[in-house]
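**Q** Sharing data.txt below, compact mmCIF, C-alpha atoms:
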# COMPACT_ATOMS: atom_id res chain seq x y z
CA MET A 19 -2.38 17.53 52.62
CA ALA A 20 -1.99 14.02 54.01
CA LEU A 21 -0.47 11.45 51.71
CA SER A 22 -2.44 8.35 50.73
CA GLU A 23 -1.16 4.94 51.81
CA GLN A 24 -0.22 4.27 48.19
CA GLU A 25 1.89 7.44 48.07
CA ILE A 26 3.58 6.50 51.34
CA LEU A 27 4.27 2.99 50.01
CA SER A 28 5.91 4.32 46.89
CA GLY A 29 8.00 6.84 48.89
CA LEU A 30 9.05 4.07 51.27
CA ALA A 31 9.95 1.82 48.35
CA GLU A 32 12.32 4.52 47.05
CA ILE A 33 14.02 4.72 50.46
CA VAL A 34 14.36 0.93 50.63
CA ASN A 35 15.78 0.92 47.11
CA GLU A 36 18.37 3.53 48.03
CA GLU A 37 19.50 1.61 51.12
CA THR A 38 19.41 -1.94 49.80
CA GLY A 39 19.24 -1.80 45.99
CA LEU A 40 15.97 -3.77 46.07
CA GLU A 41 13.65 -2.94 43.16
CA PRO A 42 10.85 -0.64 44.39
CA GLU A 43 8.21 -3.03 42.97
CA GLU A 44 9.36 -5.67 45.44
CA VAL A 45 8.38 -3.48 48.38
CA GLN A 46 4.76 -4.51 48.82
CA MET A 47 2.37 -4.14 51.74
CA ASP A 48 2.37 -7.81 52.76
CA LYS A 49 6.17 -8.18 52.74
CA SER A 50 8.17 -8.68 55.93
CA PHE A 51 11.23 -6.44 56.15
CA THR A 52 13.44 -9.17 57.57
CA GLU A 53 11.98 -12.41 56.16
CA ASP A 54 11.01 -11.32 52.63
CA LEU A 55 13.18 -8.29 51.94
CA ASP A 56 16.23 -9.49 53.92
CA ILE A 57 16.71 -6.08 55.57
CA ASP A 58 18.83 -6.27 58.73
CA SER A 59 18.35 -4.25 61.91
CA LEU A 60 20.91 -1.56 61.03
CA SER A 61 19.59 -1.03 57.50
CA MET A 62 16.11 -0.85 59.03
CA MET A 63 17.29 2.03 61.23
CA THR A 64 18.64 3.90 58.20
CA ILE A 65 15.31 3.38 56.43
CA VAL A 66 13.45 4.63 59.51
CA VAL A 67 15.56 7.81 59.74
CA ASN A 68 15.15 8.52 56.03
CA ALA A 69 11.40 7.89 56.32
CA GLU A 70 11.23 10.36 59.20
CA ASP A 71 12.85 13.01 57.01
CA LYS A 72 10.75 12.26 53.99
CA PHE A 73 7.37 12.07 55.69
CA GLY A 74 7.92 14.45 58.59
CA VAL A 75 7.08 11.88 61.26
CA ARG A 76 8.92 10.74 64.38
CA ILE A 77 9.43 7.00 64.74
CA PRO A 78 10.88 6.26 68.22
CA ASP A 79 13.42 3.43 68.68
CA ASP A 80 10.89 1.45 70.73
CA GLU A 81 8.39 1.60 67.89
CA VAL A 82 10.77 0.23 65.25
CA LYS A 83 10.51 -3.34 66.51
CA ASN A 84 6.76 -3.26 65.90
CA LEU A 85 7.23 -2.40 62.24
CA THR A 86 7.78 -5.95 61.05
CA HIS A 87 5.93 -5.67 57.73
CA VAL A 88 5.82 -2.95 55.10
CA LYS A 89 2.16 -2.34 55.91
CA ASP A 90 3.05 -1.67 59.57
CA ALA A 91 5.40 1.10 58.52
CA VAL A 92 2.96 2.55 56.00
CA THR A 93 0.14 2.54 58.58
CA TYR A 94 2.34 4.10 61.25
CA ILE A 95 3.47 6.88 58.93
CA SER A 96 -0.08 7.43 57.68
CA ASN A 97 -1.41 7.75 61.23
CA HIS A 98 1.35 10.07 62.39
CA GLN A 99 1.87 12.44 59.47
CA GLY A 100 1.52 16.05 60.43
CA MET B 24 41.85 39.36 104.95
CA SER B 25 44.91 38.85 102.75
CA THR B 26 45.28 41.13 99.79
CA LYS B 27 47.95 39.04 98.09
CA THR B 28 47.50 37.95 94.48
CA LEU B 29 48.06 34.26 93.73
CA ALA B 30 50.75 33.16 91.33
CA ALA B 31 49.28 31.83 88.07
CA PRO B 32 50.76 30.55 84.84
CA ALA B 33 51.21 33.11 82.08
CA GLY B 34 48.84 33.24 79.10
CA LEU B 35 47.65 30.22 77.14
CA ARG B 36 50.20 28.09 75.29
CA HIS B 37 49.74 25.76 72.32
CA ALA B 38 49.59 21.98 72.62
CA ARG B 39 49.83 19.06 70.24
CA ILE B 40 50.19 15.29 70.19
CA HIS B 41 53.93 14.53 70.15
CA GLY B 42 53.77 10.77 69.90
CA LEU B 43 51.36 7.85 69.55
CA GLY B 44 51.62 4.20 70.49
CA GLY B 45 49.44 1.13 70.25
CA TYR B 46 49.29 -2.38 71.58
CA ARG B 47 47.22 -5.33 70.40
CA PRO B 48 47.37 -8.55 72.41
CA GLU B 49 48.99 -11.47 70.64
CA ARG B 50 46.00 -13.79 70.41
CA VAL B 51 43.81 -13.26 67.35
CA VAL B 52 40.25 -14.52 67.67
CA THR B 53 38.43 -15.31 64.44
CA ASN B 54 34.69 -15.19 63.80
CA GLU B 55 34.77 -18.99 63.61
CA GLU B 56 35.85 -19.09 67.24
CA VAL B 57 33.21 -16.55 68.31
CA ILE B 58 30.34 -18.45 66.67
CA GLN B 59 31.00 -21.53 68.77
CA PHE B 60 28.90 -19.76 71.41
CA ILE B 61 26.31 -17.83 69.38
CA ASP B 62 23.92 -18.68 66.58
CA SER B 63 25.71 -16.78 63.81
CA SER B 64 28.16 -17.13 60.94
CA ASP B 65 31.35 -15.53 59.71
CA GLU B 66 29.40 -13.96 56.84
CA TRP B 67 26.70 -12.58 59.16
CA ILE B 68 29.28 -10.97 61.46
CA ARG B 69 31.24 -9.45 58.59
CA GLN B 70 28.07 -8.09 56.99
CA ARG B 71 26.70 -6.62 60.24
CA SER B 72 29.93 -5.20 61.60
CA GLY B 73 32.81 -5.47 59.14
CA ILE B 74 34.75 -7.39 61.78
CA ALA B 75 36.88 -10.35 60.68
CA THR B 76 39.09 -10.75 63.75
CA ARG B 77 39.74 -9.17 67.14
CA HIS B 78 42.66 -9.44 69.54
CA VAL B 79 42.05 -10.86 73.00
CA ALA B 80 44.35 -10.48 75.98
CA ALA B 81 45.74 -13.46 77.84
CA ALA B 82 44.00 -14.32 81.12
CA GLU B 83 46.83 -12.89 83.20
CA GLU B 84 47.38 -9.84 80.98
CA THR B 85 45.92 -6.75 82.67
CA VAL B 86 44.67 -3.37 81.53
CA ILE B 87 47.83 -1.88 83.05
CA ASP B 88 50.07 -4.32 81.15
CA MET B 89 48.48 -3.32 77.85
CA ALA B 90 48.57 0.38 78.76
CA GLU B 91 52.26 0.09 79.55
CA ALA B 92 53.11 -1.40 76.16
CA ALA B 93 51.24 1.35 74.29
CA ALA B 94 52.59 4.10 76.56
CA ARG B 95 56.23 3.03 76.09
CA GLU B 96 55.79 3.28 72.33
CA ALA B 97 54.10 6.71 72.55
CA ILE B 98 56.79 8.09 74.85
CA ALA B 99 59.55 6.80 72.55
CA HIS B 100 57.76 8.26 69.53
CA ALA B 101 57.38 11.62 71.29
CA GLY B 102 61.03 11.62 72.30
CA VAL B 103 60.31 12.87 75.80
CA ALA B 104 61.86 11.72 79.07
CA PRO B 105 59.60 10.27 81.78
CA GLU B 106 60.55 13.17 84.07
CA GLN B 107 58.94 15.63 81.64
CA ILE B 108 55.51 14.04 82.01
CA GLY B 109 53.45 15.84 84.62
CA ALA B 110 50.19 13.90 84.40
CA VAL B 111 49.06 10.40 83.48
CA LEU B 112 45.50 9.84 82.47
CA ILE B 113 43.94 6.49 81.63
CA ALA B 114 40.59 6.29 79.86
CA THR B 115 39.08 2.89 80.57
CA VAL B 116 35.91 1.17 81.73
CA THR B 117 37.44 -2.28 82.19
CA HIS B 118 40.10 -1.83 84.87
CA PRO B 119 38.57 -4.31 87.32
CA PHE B 120 39.26 -2.37 90.49
CA GLN B 121 36.88 0.19 91.87
CA THR B 122 39.99 1.61 93.53
CA PRO B 123 42.86 2.31 93.16
CA ALA B 124 42.87 3.70 89.63
CA ALA B 125 45.15 2.19 86.98
CA ALA B 126 47.03 5.42 86.18
CA PRO B 127 49.21 5.64 89.33
CA GLU B 128 50.56 2.10 88.86
CA LEU B 129 51.21 2.76 85.17
CA ALA B 130 53.13 5.94 86.03
CA HIS B 131 55.16 3.98 88.58
CA ARG B 132 56.03 1.28 86.06
CA LEU B 133 57.10 3.90 83.53
CA GLN B 134 59.21 5.61 86.19
CA ILE B 135 57.41 8.88 85.75
CA PRO B 136 58.26 10.65 88.99
CA ASN B 137 55.26 11.70 91.05
CA PRO B 138 52.81 12.80 88.33
CA ALA B 139 49.13 13.60 88.80
CA ALA B 140 47.55 10.29 87.84
CA PHE B 141 43.90 9.32 87.47
CA ASP B 142 41.43 7.29 85.41
CA LEU B 143 38.63 8.68 83.35
CA SER B 144 35.33 6.87 82.71
CA ALA B 145 33.90 7.99 79.39
CA ALA B 146 33.68 4.64 77.60
CA CYS B 147 34.32 4.83 73.86
CA ALA B 148 34.67 8.63 74.06
CA GLY B 149 37.31 8.34 76.79
CA TYR B 150 40.36 8.89 74.61
CA CYS B 151 38.92 12.07 73.03
CA TYR B 152 37.88 13.27 76.49
CA GLY B 153 41.45 12.64 77.61
CA ILE B 154 42.95 14.52 74.69
CA SER B 155 40.68 17.46 75.48
CA LEU B 156 41.67 17.51 79.16
CA ALA B 157 45.36 17.09 78.32
CA ASN B 158 45.13 19.94 75.82
CA ASP B 159 43.59 22.21 78.45
CA MET B 160 46.14 21.19 81.11
CA VAL B 161 49.07 21.90 78.81
CA ARG B 162 47.61 25.08 77.38
CA ALA B 163 46.87 26.48 80.82
CA GLY B 164 50.41 25.75 81.95
CA THR B 165 49.46 23.19 84.63
CA VAL B 166 51.87 20.63 83.13
CA ASP B 167 54.16 20.47 80.10
CA TYR B 168 53.40 16.89 78.99
CA VAL B 169 50.49 14.55 79.63
CA LEU B 170 50.36 10.84 78.88
CA VAL B 171 46.86 9.89 77.71
CA VAL B 172 46.05 6.19 77.40
CA GLY B 173 42.89 4.54 76.13
CA VAL B 174 42.85 0.90 77.15
CA GLU B 175 40.26 -1.85 77.46
CA LYS B 176 40.11 -5.51 78.30
CA LEU B 177 36.56 -5.88 77.08
CA SER B 178 36.86 -9.65 76.94
CA ASP B 179 36.43 -9.57 80.73
CA PHE B 180 33.03 -7.88 80.38
CA THR B 181 31.65 -9.48 77.23
CA ASP B 182 29.02 -12.20 77.40
CA LYS B 183 30.19 -14.76 74.86
CA TYR B 184 26.61 -16.06 74.57
CA ASP B 185 25.14 -12.63 73.73
CA ARG B 186 24.51 -12.59 70.00
CA GLY B 187 24.32 -8.79 69.97
CA THR B 188 27.76 -8.08 71.45
CA ALA B 189 29.91 -11.25 71.53
CA PHE B 190 31.51 -10.60 68.15
CA ILE B 191 32.02 -6.84 68.51
CA PHE B 192 34.52 -6.27 71.27
CA GLY B 193 38.28 -6.72 71.41
CA ASP B 194 41.13 -5.87 73.78
CA GLY B 195 43.94 -3.36 73.25
CA ALA B 196 45.57 -0.08 74.19
CA GLY B 197 46.44 3.17 72.48
CA ALA B 198 48.44 6.06 73.92
CA ALA B 199 49.35 9.63 73.13
CA VAL B 200 51.79 12.12 74.63
CA VAL B 201 50.28 15.61 74.56
CA GLY B 202 52.66 18.48 75.23
CA VAL B 203 53.65 22.06 74.65
CA SER B 204 53.96 23.15 71.05
CA ASP B 205 54.90 26.13 68.89
CA TYR B 206 51.64 25.86 67.00
CA PRO B 207 48.07 24.74 67.77
CA GLY B 208 47.86 20.98 67.31
CA ILE B 209 44.51 20.20 68.91
CA GLY B 210 41.36 21.95 67.77
CA PRO B 211 38.40 22.84 69.99
CA THR B 212 36.59 19.80 71.39
CA LEU B 213 32.89 19.36 70.79
CA TRP B 214 31.59 17.15 73.57
CA GLY B 215 28.52 16.35 75.56
CA SER B 216 26.37 13.71 77.20
CA LEU B 217 22.84 12.34 77.19
CA GLY B 218 22.26 10.83 80.61
CA ASP B 219 18.67 9.91 79.81
CA GLN B 220 20.12 7.32 77.42
CA ARG B 221 22.10 5.56 80.12
CA ASP B 222 20.49 2.17 79.44
CA VAL B 223 21.45 2.03 75.77
CA ILE B 224 24.93 0.68 76.58
CA THR B 225 25.50 -0.40 80.16
CA GLN B 226 26.92 -2.88 82.61
CA ARG B 227 23.94 -5.15 83.14
CA GLU B 228 23.83 -4.92 86.95
CA SER B 229 25.64 -2.61 89.34
CA TRP B 230 28.15 -4.13 91.78
CA THR B 231 25.77 -3.45 94.65
CA GLU B 232 22.90 -5.27 92.93
CA LEU B 233 25.28 -8.19 92.49
CA ARG B 234 26.04 -8.14 96.20
CA GLU B 235 22.33 -8.20 97.05
CA GLU B 236 21.88 -11.20 94.78
CA MET B 237 24.87 -12.95 96.29
CA GLU B 238 23.69 -12.33 99.83
CA SER B 239 20.13 -13.44 99.11
CA THR B 240 21.16 -16.65 97.36
CA GLY B 241 24.05 -17.51 99.64
CA ARG B 242 27.72 -17.19 98.86
CA GLU B 243 27.89 -20.69 97.41
CA GLN B 244 25.55 -19.78 94.58
CA ALA B 245 27.24 -18.43 91.46
CA VAL B 246 25.92 -15.01 90.47
CA ALA B 247 25.71 -13.90 86.84
CA TRP B 248 28.70 -11.77 85.91
CA PRO B 249 27.55 -8.22 85.03
CA SER B 250 28.58 -8.08 81.36
CA PHE B 251 28.04 -5.07 79.14
CA VAL B 252 24.78 -5.00 77.21
CA MET B 253 23.87 -2.82 74.27
CA GLN B 254 20.80 -1.83 72.29
CA GLY B 255 22.44 -2.01 68.89
CA GLN B 256 19.75 -0.32 66.80
CA SER B 257 19.47 2.67 69.12
CA VAL B 258 23.24 3.07 69.26
CA PHE B 259 23.43 2.90 65.48
CA ARG B 260 20.84 5.63 65.01
CA TRP B 261 22.43 7.90 67.58
CA ALA B 262 25.99 7.33 66.40
CA VAL B 263 25.25 7.99 62.77
CA TYR B 264 22.64 10.69 62.79
CA SER B 265 23.50 12.60 65.96
CA MET B 266 27.28 12.28 65.76
CA ALA B 267 27.68 13.37 62.13
CA PRO B 268 26.60 16.96 62.94
CA VAL B 269 29.00 16.99 65.92
CA ALA B 270 31.85 15.93 63.64
CA VAL B 271 30.93 18.65 61.16
CA GLU B 272 30.91 21.20 63.97
CA ALA B 273 34.36 20.07 65.21
CA VAL B 274 35.79 20.64 61.74
CA HIS B 275 34.16 24.05 61.59
CA ALA B 276 35.40 24.97 65.08
CA ALA B 277 38.95 24.10 64.03
CA GLY B 278 38.71 26.72 61.31
CA ILE B 279 39.12 24.26 58.44
CA THR B 280 36.84 22.45 55.99
CA ALA B 281 36.37 18.74 55.39
CA ASP B 282 38.49 19.16 52.25
CA ASP B 283 41.48 20.01 54.43
CA LEU B 284 41.34 16.71 56.32
CA ASP B 285 44.07 14.11 55.82
CA ALA B 286 42.26 11.43 57.81
CA PHE B 287 38.93 10.62 59.44
CA VAL B 288 39.35 8.47 62.53
CA PRO B 289 35.98 7.69 64.10
CA HIS B 290 35.72 5.39 67.12
CA GLN B 291 35.85 1.90 65.63
CA ALA B 292 32.38 0.90 66.80
CA ASN B 293 31.10 -0.93 63.76
CA MET B 294 32.05 -0.63 60.08
CA ARG B 295 28.41 0.01 59.23
CA ILE B 296 28.36 3.02 61.56
CA THR B 297 31.55 4.33 59.93
CA ASP B 298 30.12 3.88 56.43
CA ALA B 299 26.85 5.57 57.33
CA MET B 300 28.72 8.42 59.05
CA ILE B 301 30.83 9.06 55.95
CA LYS B 302 27.62 9.32 53.97
CA ALA B 303 25.91 11.59 56.50
CA LEU B 304 29.06 13.75 56.75
CA LYS B 305 29.42 13.98 52.97
CA LEU B 306 33.12 13.34 53.60
CA PRO B 307 35.23 14.14 50.50
CA GLU B 308 36.39 10.95 48.79
CA HIS B 309 40.07 11.84 49.05
CA VAL B 310 39.98 11.68 52.87
CA PRO B 311 41.25 8.28 54.08
CA VAL B 312 39.04 6.63 56.69
CA ALA B 313 40.21 4.44 59.59
CA ARG B 314 39.00 0.86 59.25
CA ASP B 315 41.08 -0.84 61.89
CA ILE B 316 37.93 -2.50 63.24
CA ALA B 317 38.16 -5.22 60.59
CA GLU B 318 41.18 -6.75 62.31
CA THR B 319 41.02 -5.28 65.81
CA GLY B 320 37.31 -5.24 66.65
CA ASN B 321 35.78 -2.52 68.81
CA THR B 322 38.27 -1.70 71.58
CA SER B 323 36.28 1.20 73.07
CA ALA B 324 38.66 3.87 74.49
CA ALA B 325 41.64 2.31 72.67
CA SER B 326 40.17 2.30 69.18
CA ILE B 327 41.03 5.81 67.98
CA PRO B 328 44.74 5.88 68.90
CA LEU B 329 45.11 2.29 67.66
CA ALA B 330 43.48 3.15 64.34
CA MET B 331 45.45 6.37 63.91
CA SER B 332 48.73 4.63 64.72
CA ARG B 333 47.98 2.04 62.07
CA MET B 334 47.16 4.67 59.43
CA LEU B 335 50.43 6.47 60.15
CA ALA B 336 52.47 3.26 60.21
CA GLU B 337 51.00 2.05 56.95
CA GLY B 338 51.44 5.42 55.23
CA GLU B 339 47.69 5.80 54.77
CA ALA B 340 47.75 9.13 56.61
CA PRO B 341 50.64 11.63 56.70
CA HIS B 342 52.61 12.68 59.76
CA GLY B 343 51.73 16.31 60.41
CA GLY B 344 48.38 15.91 58.63
CA LEU B 345 44.99 16.89 60.02
CA ALA B 346 42.73 14.20 61.42
CA LEU B 347 39.15 14.44 62.57
CA GLN B 348 38.60 12.07 65.49
CA ILE B 349 35.31 11.36 67.21
CA GLY B 350 34.52 9.07 70.12
CA PHE B 351 31.00 8.11 71.21
CA GLY B 352 29.62 5.51 73.56
CA ALA B 353 28.12 4.48 76.87
CA GLY B 354 26.72 7.35 78.90
CA LEU B 355 25.79 8.30 76.35
CA VAL B 356 28.83 10.53 75.90
CA TYR B 357 30.71 11.90 72.93
CA ALA B 358 33.68 14.08 71.99
CA ALA B 359 35.18 15.20 68.68
CA GLN B 360 38.18 17.28 67.75
CA VAL B 361 40.58 17.88 64.87
CA VAL B 362 44.20 17.09 65.69
CA VAL B 363 47.53 17.38 63.93
CA MET B 364 48.86 13.82 63.63
CA PRO B 365 52.32 13.36 65.13
The structure given in the file should be rewritten as structure tokens.
**A**
Amino acid sequence: MALSEQEILSGLAEIVNEETGLEPEEVQMDKSFTEDLDIDSLSMMTIVVNAEDKFGVRIPDDEVKNLTHVKDAVTYISNHQG
Amino acid sequence: MSTKTLAAPAGLRHARIHGLGGYRPERVVTNEEVIQFIDSSDEWIRQRSGIATRHVAAAEETVIDMAEAAAREAIAHAGVAPEQIGAVLIATVTHPFQTPAAAPELAHRLQIPNPAAFDLSAACAGYCYGISLANDMVRAGTVDYVLVVGVEKLSDFTDKYDRGTAFIFGDGAGAAVVGVSDYPGIGPTLWGSLGDQRDVITQRESWTELREEMESTGREQAVAWPSFVMQGQSVFRWAVYSMAPVAVEAVHAAGITADDLDAFVPHQANMRITDAMIKALKLPEHVPVARDIAETGNTSAASIPLAMSRMLAEGEAPHGGLALQIGFGAGLVYAAQVVVMP
């Protein structure tokens, strides 16, 4: 069964927490990965790979640059979950 | 038709690395110097790459000069005479001549009499490719000793204004003498290539494209030097998540477990790649990890022998111990093997 956006957000927040130590509550839909959460390009790649594993989606390298905000990632995962 | 059978060497022999050598150019370049040309900071560079300094060759210092310094040390360490060396192999992508190769001149300078000598283009995997070839050449009985050198003068091909690469690369050379042995000293090599990923790390334009530009703009017009460019995020993902399983497989193929390792010497690409690889590999905590990149930067084909030499010199890894080494880079290409450290 497909996960809700809220479930994806909370799963993503756990991944971000594991990579960066940021509190999961700080990972909110309107936050920018780089500007607000201070996540650099290499950490972003680790988060992407872990998100692929967790949600069973494929996020190509070319797509990663479009995922500037948390909501972009949540929407992408939501639209591509199998 | 002749019915004669050709002479061939007897059955397979064992091979190992008999000696290692390294050379870092004298000039140390700090992050402060690098950021004169890019919008960055010492802290940013250290955080993104773990690099504090890199060594840069003098303008007149060539790839062959650096290779010679490292090779002399490796040959002395191995305790072999130049006449015993039957092949000289240089892994490099920065020897600035399309032809001739660097290896023949190096052999001449070292007074190695009439060896097979050639260069190998496998970027940051070049040294591990070379070790694999040398192992096969010695094992098959083609030659008794092979000099393998990984050397780069990346400063010649780095765009100092490119924020993505300017701080990463350094110059240097590392060398190994591979030769006959009473016991197996080089495990099976796991290697491969992904040619569809050729653009991920590449020389920006080919020489022929440069010629077209020069001819169309007139010889007086300066053309842009074809520096190396890299898609950092893609390289990071590939290096960490695709190379970790290769490293695991190389350990397995050598008939040991990660617990048996005395050192992990990945290509010194970026400290963040090394850290993420350790995590992905689930490397036991007791295994020391090469971190030469902090002071030497990423020296492509030279990084593994330089890093291993340092670990041995500083007593961080034991002579005779088992090291997992893995090179990966432009191509994309990769190679991993477990070796007994000399």
**Q** Here is a test: counting all atoms listed in the file, which residue of B:Ala358, B:Ala163, B:Val52, B:Ile296 is nearest to chain A?
**A**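 Using all atoms listed in the file, chain A sits closest to B:Ile296.
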**Q** Provide as a list in words the residues of chain A at most 10 Å from chain B, counting all atoms listed in the file.
**A**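 Here they are: Asp58, Ser59, Leu60, Ser61, Met62, Met63, Thr64, Val66, Val67, Pro78, Asp79, Asp80, Val82 and Lys83 of chain A.
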**Q** Find the residues around Gly74 of chain A up to 9 Å (all atoms listed in the file counted), leave out those fewer than 2 positions away in its own chain, and share them as a count of residues only.
**A** 9
**Q** Step by step: start from the point (52.6, 1.2, 77.1) in the file's coordinates, keep every protein, DNA or RNA residue that has an atom no farther than 9 Å from it, count all atoms listed in the file, and write the set as a PyMOL selection string.
**A** chain B and resi 44-46+87-98+129+133+172+196-198
**Q** When you look at His37 of chain B with a cut-off of 6 Å (counting all atoms listed in the file), what residues show up, excluding the ones that are within fewer than 5 positions of it in the same chain? I need them as a list in words.
**A**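 Once the nearby chain positions are removed, what remains is Arg162, Val203, Ser204, Tyr206 and Pro207 of chain B.
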**Q** What's the separation between atom CA of Val356 of chain B and atom CA of Arg47 of chain B, in Å to one decimal place?
**A**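 These two atoms are separated by 24.9 Å.
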**Q** What is the atom CA of Asn293 of chain B-atom CA of Ile74 of chain B distance in Å, reported with one decimal?
**A**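 For atom CA of Asn293 of chain B relative to atom CA of Ile74 of chain B, the distance reads 7.7 Å.
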